[in-house]
file protein_31.cif (mmCIF, C-alpha atoms and all ligand atoms)
data_run
loop_
_atom_site.label_atom_id
_atom_site.label_comp_id
_atom_site.auth_asym_id
_atom_site.auth_seq_id
_atom_site.Cartn_x
_atom_site.Cartn_y
_atom_site.Cartn_z
CA MET A 1 0.47 20.36 -44.70
CA SER A 2 2.82 17.96 -46.39
CA GLN A 3 6.56 18.42 -45.99
CA PRO A 4 8.46 19.64 -49.08
CA PRO A 5 10.60 16.92 -50.66
CA GLU A 6 14.08 16.76 -49.15
CA ILE A 7 16.67 18.20 -51.50
CA GLN A 8 19.91 16.25 -51.86
CA ILE A 9 22.85 16.33 -54.24
CA ASN A 10 22.41 13.04 -56.03
CA PRO A 11 25.23 11.82 -58.23
CA GLU A 12 24.37 9.95 -61.41
CA ILE A 13 25.79 6.44 -61.17
CA HIS A 14 27.28 4.91 -64.31
CA PRO A 15 28.44 1.33 -63.69
CA LYS A 16 31.41 1.56 -66.07
CA ASN A 17 32.15 5.28 -65.96
CA GLY A 18 31.81 6.09 -62.27
CA LEU A 19 29.94 8.96 -60.68
CA HIS A 20 28.83 12.22 -62.28
CA LEU A 21 27.51 15.40 -60.63
CA PRO A 22 25.08 16.84 -63.22
CA ALA A 23 24.77 20.27 -61.57
CA LEU A 24 28.50 20.83 -62.08
CA ASP A 25 28.96 18.50 -65.07
CA LEU A 26 31.82 17.05 -63.02
CA TRP A 27 32.90 13.40 -62.95
CA LEU A 28 34.47 11.84 -59.86
CA ASP A 29 37.60 9.75 -60.55
CA ALA A 30 36.12 8.67 -63.90
CA PRO A 31 38.07 5.67 -65.26
CA ARG A 32 37.73 6.86 -68.88
CA ALA A 33 38.53 10.27 -70.36
CA LYS A 34 35.76 12.86 -69.77
CA PRO A 35 35.43 16.60 -70.45
CA PHE A 36 35.88 17.43 -66.74
CA SER A 37 36.70 15.12 -63.81
CA PHE A 38 37.93 15.37 -60.24
CA ILE A 39 41.02 13.19 -59.66
CA SER A 40 41.28 12.41 -55.96
CA HIS A 41 44.89 11.12 -56.07
CA ALA A 42 47.58 9.92 -58.43
CA HIS A 43 47.14 6.12 -58.19
CA SER A 44 46.69 4.77 -61.71
CA ASP A 45 43.20 3.32 -61.09
CA HIS A 46 41.96 6.87 -60.43
CA VAL A 47 43.67 8.58 -63.35
CA ALA A 48 42.46 9.11 -66.93
CA ARG A 49 43.35 11.70 -69.56
CA HIS A 50 40.41 14.04 -69.07
CA GLN A 51 40.19 17.31 -70.97
CA GLN A 52 40.09 19.20 -67.66
CA ILE A 53 41.03 17.84 -64.23
CA LEU A 54 40.17 19.23 -60.80
CA CYS A 55 42.82 18.27 -58.22
CA CYS A 56 44.99 19.58 -55.38
CA PRO A 57 48.53 20.97 -55.95
CA VAL A 58 50.43 17.81 -54.88
CA THR A 59 48.32 15.57 -57.12
CA ALA A 60 48.71 18.11 -59.95
CA HIS A 61 52.48 17.80 -59.69
CA LEU A 62 52.34 13.98 -59.54
CA LEU A 63 50.01 13.85 -62.58
CA GLN A 64 52.50 15.92 -64.55
CA ARG A 65 55.54 13.91 -63.41
CA ARG A 66 54.06 10.40 -63.46
CA TYR A 67 51.61 10.59 -66.39
CA ARG A 68 52.94 13.59 -68.36
CA ILE A 69 49.55 15.33 -68.15
CA ALA A 70 49.87 18.90 -69.44
CA ARG A 71 49.63 21.76 -66.93
CA ASP A 72 46.90 23.56 -68.91
CA ARG A 73 44.53 20.62 -68.31
CA LEU A 74 44.74 21.04 -64.54
CA THR A 75 42.35 23.12 -62.43
CA ILE A 76 44.26 23.28 -59.15
CA GLN A 77 42.54 23.96 -55.84
CA HIS A 78 44.22 24.03 -52.41
CA PHE A 79 42.93 22.02 -49.44
CA HIS A 80 40.26 23.83 -47.37
CA GLU A 81 39.89 26.57 -50.00
CA SER A 82 36.26 26.97 -51.17
CA VAL A 83 35.52 27.93 -54.77
CA THR A 84 32.05 28.80 -56.07
CA TRP A 85 30.78 27.74 -59.43
CA ASN A 86 27.33 26.96 -60.84
CA GLU A 87 25.85 28.05 -57.50
CA HIS A 88 27.78 25.40 -55.58
CA SER A 89 30.65 25.73 -53.12
CA ILE A 90 33.48 23.26 -53.86
CA THR A 91 36.06 22.35 -51.20
CA LEU A 92 38.91 19.82 -51.31
CA LEU A 93 39.88 18.12 -48.04
CA PRO A 94 42.94 15.93 -47.32
CA ALA A 95 42.05 12.20 -47.38
CA GLY A 96 45.08 10.73 -45.54
CA HIS A 97 45.55 7.98 -48.17
CA ILE A 98 48.79 9.03 -49.94
CA PRO A 99 50.51 12.41 -50.40
CA GLY A 100 48.05 14.74 -52.13
CA SER A 101 45.01 12.46 -51.76
CA ALA A 102 41.85 14.57 -51.57
CA MET A 103 38.16 14.32 -50.79
CA LEU A 104 35.62 16.52 -52.58
CA HIS A 105 32.91 18.41 -50.66
CA VAL A 106 30.09 20.10 -52.60
CA ARG A 107 27.40 22.37 -51.12
CA ASN A 108 24.43 23.85 -53.00
CA LEU A 109 24.40 27.52 -52.01
CA HIS A 110 20.59 27.76 -52.23
CA SER A 111 19.33 24.53 -50.67
CA GLN A 112 22.47 23.98 -48.52
CA ALA A 113 22.32 20.30 -49.60
CA SER A 114 25.82 18.80 -49.45
CA LEU A 115 27.82 15.81 -50.68
CA LEU A 116 31.19 14.41 -49.62
CA TYR A 117 33.10 12.08 -51.94
CA THR A 118 35.96 10.36 -50.08
CA GLY A 119 37.96 8.70 -52.87
CA ASP A 120 40.48 6.38 -51.18
CA TYR A 121 41.07 7.51 -47.62
CA LYS A 122 42.46 6.60 -44.23
CA LEU A 123 41.68 7.90 -40.74
CA ARG A 124 44.66 6.59 -38.79
CA PRO A 125 47.77 8.79 -38.60
CA SER A 126 50.19 8.69 -41.50
CA ARG A 127 53.80 9.82 -41.55
CA ALA A 128 53.78 10.76 -45.26
CA ALA A 129 50.19 11.75 -46.17
CA GLU A 130 48.34 14.84 -44.96
CA PRO A 131 45.95 13.86 -42.10
CA ALA A 132 42.31 13.47 -43.19
CA SER A 133 39.88 16.22 -42.20
CA TRP A 134 36.12 16.29 -42.52
CA LEU A 135 33.01 18.34 -43.22
CA GLN A 136 29.45 17.25 -42.51
CA ALA A 137 27.50 16.16 -45.61
CA ASP A 138 23.95 15.00 -46.40
CA THR A 139 25.18 12.47 -48.96
CA LEU A 140 28.38 10.51 -48.30
CA VAL A 141 30.03 8.59 -51.15
CA MET A 142 32.60 6.40 -49.40
CA GLU A 143 35.11 3.74 -50.40
CA SER A 144 34.65 0.20 -49.04
CA THR A 145 38.01 -1.54 -49.52
CA PHE A 146 37.89 -3.04 -46.02
CA GLY A 147 34.10 -3.16 -45.85
CA LEU A 148 33.89 -6.55 -44.10
CA PRO A 149 33.63 -6.61 -40.28
CA HIS A 150 36.71 -8.82 -39.77
CA TYR A 151 38.99 -6.25 -41.45
CA VAL A 152 40.38 -4.70 -38.28
CA LEU A 153 43.96 -3.47 -38.62
CA PRO A 154 46.51 -3.25 -35.78
CA SER A 155 47.37 0.22 -34.49
CA ALA A 156 49.99 2.32 -36.28
CA ALA A 157 52.37 1.80 -33.32
CA GLU A 158 51.96 -2.00 -33.48
CA ILE A 159 52.61 -1.99 -37.23
CA GLU A 160 55.77 0.09 -36.81
CA GLN A 161 56.99 -2.33 -34.14
CA SER A 162 56.39 -5.23 -36.56
CA ILE A 163 58.45 -3.45 -39.23
CA LEU A 164 61.32 -2.78 -36.80
CA ARG A 165 61.25 -6.39 -35.60
CA PHE A 166 61.38 -7.70 -39.19
CA ILE A 167 64.37 -5.48 -40.01
CA HIS A 168 66.32 -6.24 -36.82
CA GLU A 169 65.74 -10.01 -37.09
CA SER A 170 66.77 -9.99 -40.77
CA ILE A 171 69.99 -8.13 -40.01
CA ALA A 172 70.72 -10.41 -37.04
CA ASP A 173 70.40 -13.37 -39.44
CA HIS A 174 72.78 -11.67 -41.93
CA ALA A 175 69.90 -11.32 -44.40
CA THR A 176 69.03 -8.23 -46.49
CA PRO A 177 65.64 -6.78 -45.42
CA ILE A 178 63.44 -5.79 -48.37
CA LEU A 179 60.16 -3.96 -47.76
CA LEU A 180 57.76 -4.19 -50.71
CA GLY A 181 55.08 -1.57 -51.38
CA TYR A 182 53.65 0.46 -54.26
CA SER A 183 56.04 3.10 -55.57
CA LEU A 184 53.64 5.95 -54.84
CA GLY A 185 52.17 6.23 -51.37
CA LYS A 186 53.17 3.05 -49.57
CA ALA A 187 56.88 3.43 -50.36
CA GLN A 188 56.94 7.01 -49.01
CA GLU A 189 55.12 5.90 -45.84
CA ILE A 190 57.74 3.17 -45.31
CA ALA A 191 60.54 5.68 -45.95
CA ALA A 192 59.06 8.09 -43.40
CA ILE A 193 58.74 5.31 -40.80
CA LEU A 194 62.35 4.16 -41.27
CA THR A 195 63.57 7.77 -41.12
CA ALA A 196 61.67 8.35 -37.87
CA HIS A 197 63.47 5.34 -36.37
CA ASN A 198 66.91 6.30 -37.78
CA LEU A 199 67.12 3.15 -39.91
CA PRO A 200 69.20 3.44 -43.13
CA PHE A 201 67.56 2.47 -46.43
CA VAL A 202 67.98 2.65 -50.19
CA SER A 203 65.14 2.84 -52.72
CA SER A 204 64.50 1.32 -56.15
CA LYS A 205 64.43 3.61 -59.20
CA THR A 206 60.63 4.01 -59.35
CA VAL A 207 60.43 4.61 -55.59
CA CYS A 208 63.16 7.26 -55.88
CA GLU A 209 61.29 8.97 -58.73
CA MET A 210 57.98 9.10 -56.84
CA THR A 211 59.65 10.21 -53.58
CA GLN A 212 61.47 12.97 -55.44
CA ALA A 213 58.21 14.06 -57.12
CA CYS A 214 56.50 14.23 -53.71
CA ARG A 215 59.41 16.30 -52.35
CA GLU A 216 59.17 18.70 -55.30
CA ALA A 217 55.47 19.10 -54.46
CA GLY A 218 56.36 20.13 -50.91
CA CYS A 219 56.04 16.84 -48.99
CA HIS A 220 58.43 16.47 -46.05
CA LEU A 221 60.37 13.36 -47.00
CA PRO A 222 64.11 12.62 -46.88
CA ALA A 223 66.07 12.77 -50.14
CA PRO A 224 65.98 9.24 -51.59
CA ILE A 225 69.19 7.23 -52.04
CA LEU A 226 69.11 5.14 -55.23
CA TRP A 227 69.78 1.40 -54.97
CA ASP A 228 72.66 0.98 -57.41
CA GLY A 229 73.08 -2.77 -57.02
CA ASP A 230 74.86 -2.77 -53.66
CA ILE A 231 73.02 -2.75 -50.35
CA PRO A 232 75.36 -1.93 -47.43
CA ALA A 233 75.13 -4.20 -44.37
CA GLY A 234 72.38 -3.10 -42.00
CA THR A 235 70.51 -1.25 -44.77
CA THR A 236 66.93 -1.94 -45.92
CA LEU A 237 65.74 -1.84 -49.55
CA ILE A 238 62.35 -0.24 -50.34
CA ALA A 239 60.97 -1.44 -53.69
CA PRO A 240 57.67 -2.24 -55.44
CA PRO A 241 56.55 -5.91 -55.52
CA GLN A 242 57.49 -6.21 -59.22
CA ILE A 243 61.14 -6.25 -58.15
CA LEU A 244 60.74 -9.95 -57.25
CA LYS A 245 60.60 -10.78 -60.99
CA GLN A 246 63.55 -8.64 -62.03
CA ALA A 247 67.14 -9.82 -62.58
CA GLN A 248 68.49 -7.22 -60.14
CA TYR A 249 66.62 -8.92 -57.29
CA PHE A 250 68.37 -12.24 -57.81
CA GLN A 251 71.76 -10.61 -57.26
CA ILE A 252 70.88 -9.52 -53.71
CA PRO A 253 72.71 -11.71 -51.17
CA ASN A 254 70.35 -13.57 -48.83
CA PRO A 255 67.23 -11.43 -49.48
CA ARG A 256 64.41 -11.47 -46.94
CA THR A 257 61.20 -9.96 -48.28
CA CYS A 258 58.18 -8.48 -46.54
CA MET A 259 55.01 -7.37 -48.36
CA MET A 260 53.45 -4.22 -46.90
CA THR A 261 49.70 -4.35 -47.48
CA GLY A 262 46.48 -4.16 -45.50
CA TRP A 263 45.59 -7.56 -46.97
CA ALA A 264 48.30 -9.02 -44.71
CA ILE A 265 45.62 -9.30 -42.03
CA ASN A 266 44.74 -12.50 -43.90
CA PRO A 267 47.14 -15.11 -42.41
CA SER A 268 47.84 -16.61 -45.86
CA ALA A 269 49.06 -13.29 -47.33
CA LYS A 270 52.78 -14.13 -47.39
CA PHE A 271 52.07 -17.31 -49.35
CA ARG A 272 49.85 -15.41 -51.77
CA TYR A 273 52.54 -12.79 -52.39
CA GLY A 274 55.44 -15.26 -52.33
CA THR A 275 57.31 -13.30 -49.65
CA HIS A 276 58.97 -14.30 -46.38
CA ALA A 277 56.62 -12.09 -44.36
CA ALA A 278 53.70 -9.67 -44.71
CA ILE A 279 52.80 -6.71 -42.47
CA PRO A 280 49.37 -5.01 -42.62
CA LEU A 281 50.54 -1.45 -43.32
CA SER A 282 47.54 -0.02 -45.17
CA ASP A 283 46.63 3.31 -46.74
CA HIS A 284 42.88 2.55 -46.50
CA ALA A 285 40.41 2.86 -43.61
CA ASP A 286 39.71 -0.45 -41.85
CA PHE A 287 36.16 -1.53 -40.96
CA PRO A 288 35.95 0.28 -37.58
CA ASP A 289 37.24 3.47 -39.22
CA LEU A 290 34.65 3.17 -42.02
CA LEU A 291 31.95 3.07 -39.35
CA HIS A 292 33.59 5.96 -37.50
CA THR A 293 33.58 8.02 -40.71
CA VAL A 294 29.80 7.77 -40.87
CA GLU A 295 29.56 8.98 -37.26
CA ILE A 296 31.75 11.99 -38.13
CA VAL A 297 30.00 12.99 -41.37
CA LYS A 298 26.42 12.31 -40.14
CA PRO A 299 24.99 11.71 -43.64
CA LYS A 300 21.33 11.14 -44.49
CA LYS A 301 22.29 8.90 -47.39
CA ILE A 302 25.41 6.78 -48.04
CA ILE A 303 26.64 5.36 -51.34
CA THR A 304 29.41 2.75 -51.04
CA ILE A 305 31.98 2.36 -53.83
CA HIS A 306 35.16 0.29 -54.49
CA GLY A 307 35.56 -3.00 -52.64
CA SER A 308 33.03 -4.75 -50.42
CA THR A 309 30.33 -2.23 -51.30
CA ARG A 310 27.25 -4.40 -50.76
CA GLU A 311 28.55 -5.87 -47.52
CA LEU A 312 29.44 -2.45 -46.08
CA ALA A 313 26.10 -0.98 -47.15
CA SER A 314 24.34 -3.92 -45.49
CA SER A 315 26.32 -3.44 -42.26
CA LEU A 316 25.41 0.25 -42.27
CA ARG A 317 21.72 -0.46 -42.89
CA GLN A 318 21.75 -2.85 -39.93
CA ARG A 319 22.95 0.14 -37.89
CA GLY A 320 20.03 2.25 -39.13
CA TYR A 321 21.70 4.17 -41.97
CA ASN A 322 20.27 4.71 -45.44
CA ALA A 323 23.20 3.04 -47.26
CA TRP A 324 23.39 1.54 -50.74
CA SER A 325 26.04 0.04 -52.98
CA HIS A 326 27.14 2.02 -56.03
CA TYR A 327 26.72 -1.21 -58.01
CA GLY A 328 23.10 -1.76 -57.00
CA ASN A 329 21.67 -5.24 -56.45
CA ASP A 330 21.73 -4.78 -52.71
CA GLN A 331 20.09 -7.87 -51.33
CA LEU A 332 16.63 -7.49 -49.94
CA GLU A 333 16.99 -8.07 -46.23
CA LEU A 334 14.03 -9.77 -44.60
CA PRO A 335 13.83 -10.41 -40.89
CA PHE A 336 13.84 -14.10 -39.96
CA LEU A 337 10.27 -15.26 -39.35
ZN ZN B 401 44.64 4.79 -54.02
#

call {"tool": "encode", "arguments": {"input": "protein_31.cif", "output": "structure tokens", "more": "lines below"}}
Ligand SMILES: [Zn+2]
result
Amino acid sequence: MSQPPEIQINPEIHPKNGLHLPALDLWLDAPRAKPFSFISHAHSDHVARHQQILCCPVTAHLLQRRYRIARDRLTIQHFHESVTWNEHSITLLPAGHIPGSAMLHVRNLHSQASLLYTGDYKLRPSRAAEPASWLQADTLVMESTFGLPHYVLPSAAEIEQSILRFIHESIADHATPILLGYSLGKAQEIAAILTAHNLPFVSSKTVCEMTQACREAGCHLPAPILWDGDIPAGTTLIAPPQILKQAQYFQIPNPRTCMMTGWAINPSAKFRYGTHAAIPLSDHADFPDLLHTVEIVKPKKIITIHGSTRELASSLRQRGYNAWSHYGNDQLELPFL
């Protein structure tokens, strides 16, 4: 007797519109407005003005505050809560990327076939984002930002030591330490690190706004202090990278800048960003953590999205997994003869 065909939840892949789950008529982080889409988190490259949006409560609050999206467009679901519709169980899981970042887990209640969509995620501990948690899935749709084998980030403890060293050396040199990171996510992680080490800091206007929005949504972050032009001695400024082009920046006495990005593992990063230093504080999984994710989820099929998709899929195939890039054109791999 032949085996019945294996049933999987297969997303439709649209090169310019992202992924779509036909059984639920649900898009996943669609870049253009759709009737109904899951938004994994409130970074702008994952947000569009859909008619209806599935998201978690923190992201719902950030979408309203940052993008003025109306409350009646939001279908809000708490982490770990399962909701049934169209004969599927839908669960949101924390992704560890930024406050409110979520993964989407879908299970067909008849076939038990399952899919996990990670969005942007991180495995290593975060001080500001909810820690990632996992469910097994037959199909794993995973991000690939650091999908090349040499993208191995230092430990969280080593990165925090680098930040403390940068601040202490700047202050010892009578310079003003400035830590640069995106206003939502990275800036709150930096704020939480400095708070944990009892280091005083002020924040730019956009960082203050996003930190306040996260606090309103229930995130445990200190009340931000607005940078009003003066930076007291011994105090660090947290600001987005755009500050380097603004007039206010040029009034800071003896500024010493440090870009906070996972791309700082490239030695040339500080030259690329035009900063005095760069520290690889990332909100994405590095290559070893991408591989570890696959071991946790135990999928039968993997679709790689965002970043080094073909390279990560190739690395996974070499390890025996059925992995393919979202963008297609995976190179045919022939053994050397
Ligand atoms: Zn993101």

call {"tool": "closest_residue", "arguments": {"input": "protein_31.cif", "among": "A:Val58, A:Leu316, A:Ala102, A:Leu135", "to": "ligand ZN 401 (chain B)", "atoms": "all atoms listed in the file"}}
result
A:Ala102

call {"tool": "residues_around", "arguments": {"input": "protein_31.cif", "residues": "His43 in chain A", "least_positions_apart": "4", "cutoff": "9 Å", "atoms": "all atoms listed in the file", "output": "PDB file with C-alpha atoms, keeping the file's coordinate frame"}}
result
ATOM      1  CA  VAL A  47      43.670   8.580 -63.350  1.00  0.00           C
ATOM      2  CA  ILE A  98      48.790   9.030 -49.940  1.00  0.00           C
ATOM      3  CA  LEU A 184      53.640   5.950 -54.840  1.00  0.00           C
ATOM      4  CA  GLY A 185      52.170   6.230 -51.370  1.00  0.00           C
TER       5      GLY A 185
END

call {"tool": "atom_distance", "arguments": {"input": "protein_31.cif", "atom1": "CA of Ser126 in chain A", "atom2": "CA of Ser162 in chain A"}}
result
16.0 Å

call {"tool": "closest_residue", "arguments": {"input": "protein_31.cif", "among": "A:Ala247, A:Arg256, A:Ala132, A:Asp283", "to": "Lys270 in chain A", "atoms": "all atoms listed in the file"}}
result
A:Arg256

call {"tool": "residues_around", "arguments": {"input": "protein_31.cif", "residues": "range 320-325 of chain A", "least_positions_apart": "4", "cutoff": "9 Å", "atoms": "only C-alpha atoms", "output": "VMD selection string"}}
result
chain A and resid 294 299 to 305 308 to 316 329 to 330

call {"tool": "atom_distance", "arguments": {"input": "protein_31.cif", "atom1": "CA of His174 in chain A", "atom2": "CA of Asn254 in chain A"}}
result
7.6 Å

call {"tool": "residues_around", "arguments": {"input": "protein_31.cif", "residues": "Val207 in chain A", "least_positions_apart": "5", "cutoff": "7 Å", "atoms": "only C-alpha atoms", "output": "list in words"}}
result
Ser183, Leu184, Ala187 and Ala239 of chain A

call {"tool": "residues_near_ligand", "arguments": {"input": "protein_31.cif", "ligand": "ligand ZN 401 (chain B)", "cutoff": "9 Å", "atoms": "all atoms listed in the file", "output": "compact mmCIF listing (two decimals) with C-alpha atoms, in the frame of the given file"}}
result
# COMPACT_ATOMS: atom_id res chain seq x y z
CA SER A 40 41.28 12.41 -55.96
CA HIS A 41 44.89 11.12 -56.07
CA ALA A 42 47.58 9.92 -58.43
CA HIS A 43 47.14 6.12 -58.19
CA SER A 44 46.69 4.77 -61.71
CA ASP A 45 43.20 3.32 -61.09
CA HIS A 46 41.96 6.87 -60.43
CA HIS A 97 45.55 7.98 -48.17
CA ILE A 98 48.79 9.03 -49.94
CA SER A 101 45.01 12.46 -51.76
CA GLY A 119 37.96 8.70 -52.87
CA ASP A 120 40.48 6.38 -51.18
CA TYR A 121 41.07 7.51 -47.62
CA GLY A 185 52.17 6.23 -51.37
CA ASP A 283 46.63 3.31 -46.74
CA HIS A 284 42.88 2.55 -46.50

call {"tool": "closest_residue", "arguments": {"input": "protein_31.cif", "among": "A:Glu189, A:Glu160, A:Glu87, A:Asp228", "to": "Ala23 in chain A", "atoms": "all atoms listed in the file"}}
result
A:Glu87

call {"tool": "closest_residue", "arguments": {"input": "protein_31.cif", "among": "A:Arg68, A:Leu226, A:Leu24, A:Val141", "to": "His88 in chain A", "atoms": "only C-alpha atoms"}}
result
A:Leu24

call {"tool": "closest_residue", "arguments": {"input": "protein_31.cif", "among": "A:His105, A:His220, A:Arg66, A:His78", "to": "Ile90 in chain A", "atoms": "all atoms listed in the file"}}
result
A:His105

call {"tool": "residues_near_point", "arguments": {"input": "protein_31.cif", "point": "(40.8, 17.5, -58.7)", "cutoff": "6 Å", "atoms": "all atoms listed in the file", "output": "list of chain:residue names"}}
result
A:Phe38, A:Ile39, A:Ser40, A:Ile53, A:Leu54, A:Cys55, A:Cys56

call {"tool": "residues_around", "arguments": {"input": "protein_31.cif", "residues": "Gln112 in chain A", "least_positions_apart": "5", "cutoff": "12 Å", "atoms": "all atoms listed in the file", "output": "list in words"}}
result
Glu6, Ile7, Gln8, Ile9, Glu87, His88, Ser89, Val106, Arg107, Gln136, Ala137, Asp138 and Thr139 of chain A

call {"tool": "atom_distance", "arguments": {"input": "protein_31.cif", "atom1": "CA of Leu93 in chain A", "atom2": "CA of Ala217 in chain A"}}
result
16.9 Å

call {"tool": "residues_around", "arguments": {"input": "protein_31.cif", "residues": "Asp230 in chain A", "least_positions_apart": "4", "cutoff": "12 Å", "atoms": "all atoms listed in the file", "output": "PyMOL selection string"}}
result
chain A and resi 176+201-204+225-226+234-237+248-249+251-253

call {"tool": "closest_residue", "arguments": {"input": "protein_31.cif", "among": "A:Cys258, A:Leu221, A:Leu148, A:Val297", "to": "Ser133 in chain A", "atoms": "all atoms listed in the file"}}
result
A:Val297

call {"tool": "build_atoms", "arguments": {"input": "protein_31.cif", "residues": "range 300-323 of chain A", "atoms": "N, CA and C atoms", "output": "tab-separated table (two decimals), keeping the file's coordinate frame"}}
result
chain	number	residue	atom	x	y	z
A	300	LYS	N	22.69	11.68	-44.40
A	300	LYS	CA	21.33	11.14	-44.49
A	300	LYS	C	21.28	9.98	-45.47
A	301	LYS	N	22.25	9.96	-46.38
A	301	LYS	CA	22.29	8.90	-47.39
A	301	LYS	C	23.75	8.54	-47.64
A	302	ILE	N	24.04	7.25	-47.81
A	302	ILE	CA	25.41	6.78	-48.04
A	302	ILE	C	25.44	5.93	-49.30
A	303	ILE	N	26.41	6.19	-50.16
A	303	ILE	CA	26.64	5.36	-51.34
A	303	ILE	C	28.03	4.75	-51.18
A	304	THR	N	28.12	3.42	-51.22
A	304	THR	CA	29.41	2.75	-51.04
A	304	THR	C	29.99	2.39	-52.41
A	305	ILE	N	31.29	2.65	-52.57
A	305	ILE	CA	31.98	2.36	-53.83
A	305	ILE	C	33.28	1.62	-53.54
A	306	HIS	N	33.84	0.96	-54.55
A	306	HIS	CA	35.16	0.29	-54.49
A	306	HIS	C	35.26	-0.71	-53.34
A	307	GLY	N	35.32	-1.98	-53.67
A	307	GLY	CA	35.56	-3.00	-52.64
A	307	GLY	C	34.30	-3.72	-52.24
A	308	SER	N	34.17	-3.98	-50.94
A	308	SER	CA	33.03	-4.75	-50.42
A	308	SER	C	31.83	-3.83	-50.24
A	309	THR	N	31.34	-3.29	-51.36
A	309	THR	CA	30.33	-2.23	-51.30
A	309	THR	C	29.00	-2.74	-50.73
A	310	ARG	N	28.56	-3.91	-51.21
A	310	ARG	CA	27.25	-4.40	-50.76
A	310	ARG	C	27.30	-4.80	-49.29
A	311	GLU	N	28.42	-5.42	-48.91
A	311	GLU	CA	28.55	-5.87	-47.52
A	311	GLU	C	28.60	-4.67	-46.56
A	312	LEU	N	29.36	-3.63	-46.95
A	312	LEU	CA	29.44	-2.45	-46.08
A	312	LEU	C	28.08	-1.76	-46.01
A	313	ALA	N	27.41	-1.63	-47.16
A	313	ALA	CA	26.10	-0.98	-47.15
A	313	ALA	C	25.14	-1.76	-46.26
A	314	SER	N	25.21	-3.09	-46.33
A	314	SER	CA	24.34	-3.92	-45.49
A	314	SER	C	24.64	-3.70	-44.01
A	315	SER	N	25.94	-3.68	-43.66
A	315	SER	CA	26.32	-3.44	-42.26
A	315	SER	C	25.82	-2.09	-41.78
A	316	LEU	N	25.87	-1.09	-42.66
A	316	LEU	CA	25.41	0.25	-42.27
A	316	LEU	C	23.89	0.28	-42.13
A	317	ARG	N	23.19	-0.42	-43.02
A	317	ARG	CA	21.72	-0.46	-42.89
A	317	ARG	C	21.31	-1.13	-41.59
A	318	GLN	N	22.07	-2.18	-41.21
A	318	GLN	CA	21.75	-2.85	-39.93
A	318	GLN	C	21.93	-1.90	-38.75
A	319	ARG	N	22.75	-0.86	-38.95
A	319	ARG	CA	22.95	0.14	-37.89
A	319	ARG	C	22.01	1.34	-38.06
A	320	GLY	N	21.06	1.22	-39.00
A	320	GLY	CA	20.03	2.25	-39.13
A	320	GLY	C	20.30	3.32	-40.17
A	321	TYR	N	21.39	3.16	-40.96
A	321	TYR	CA	21.70	4.17	-41.97
A	321	TYR	C	21.05	3.82	-43.30
A	322	ASN	N	20.81	4.86	-44.10
A	322	ASN	CA	20.27	4.71	-45.44
A	322	ASN	C	21.46	4.54	-46.39
A	323	ALA	N	21.94	3.30	-46.54
A	323	ALA	CA	23.20	3.04	-47.26
A	323	ALA	C	22.97	2.07	-48.40
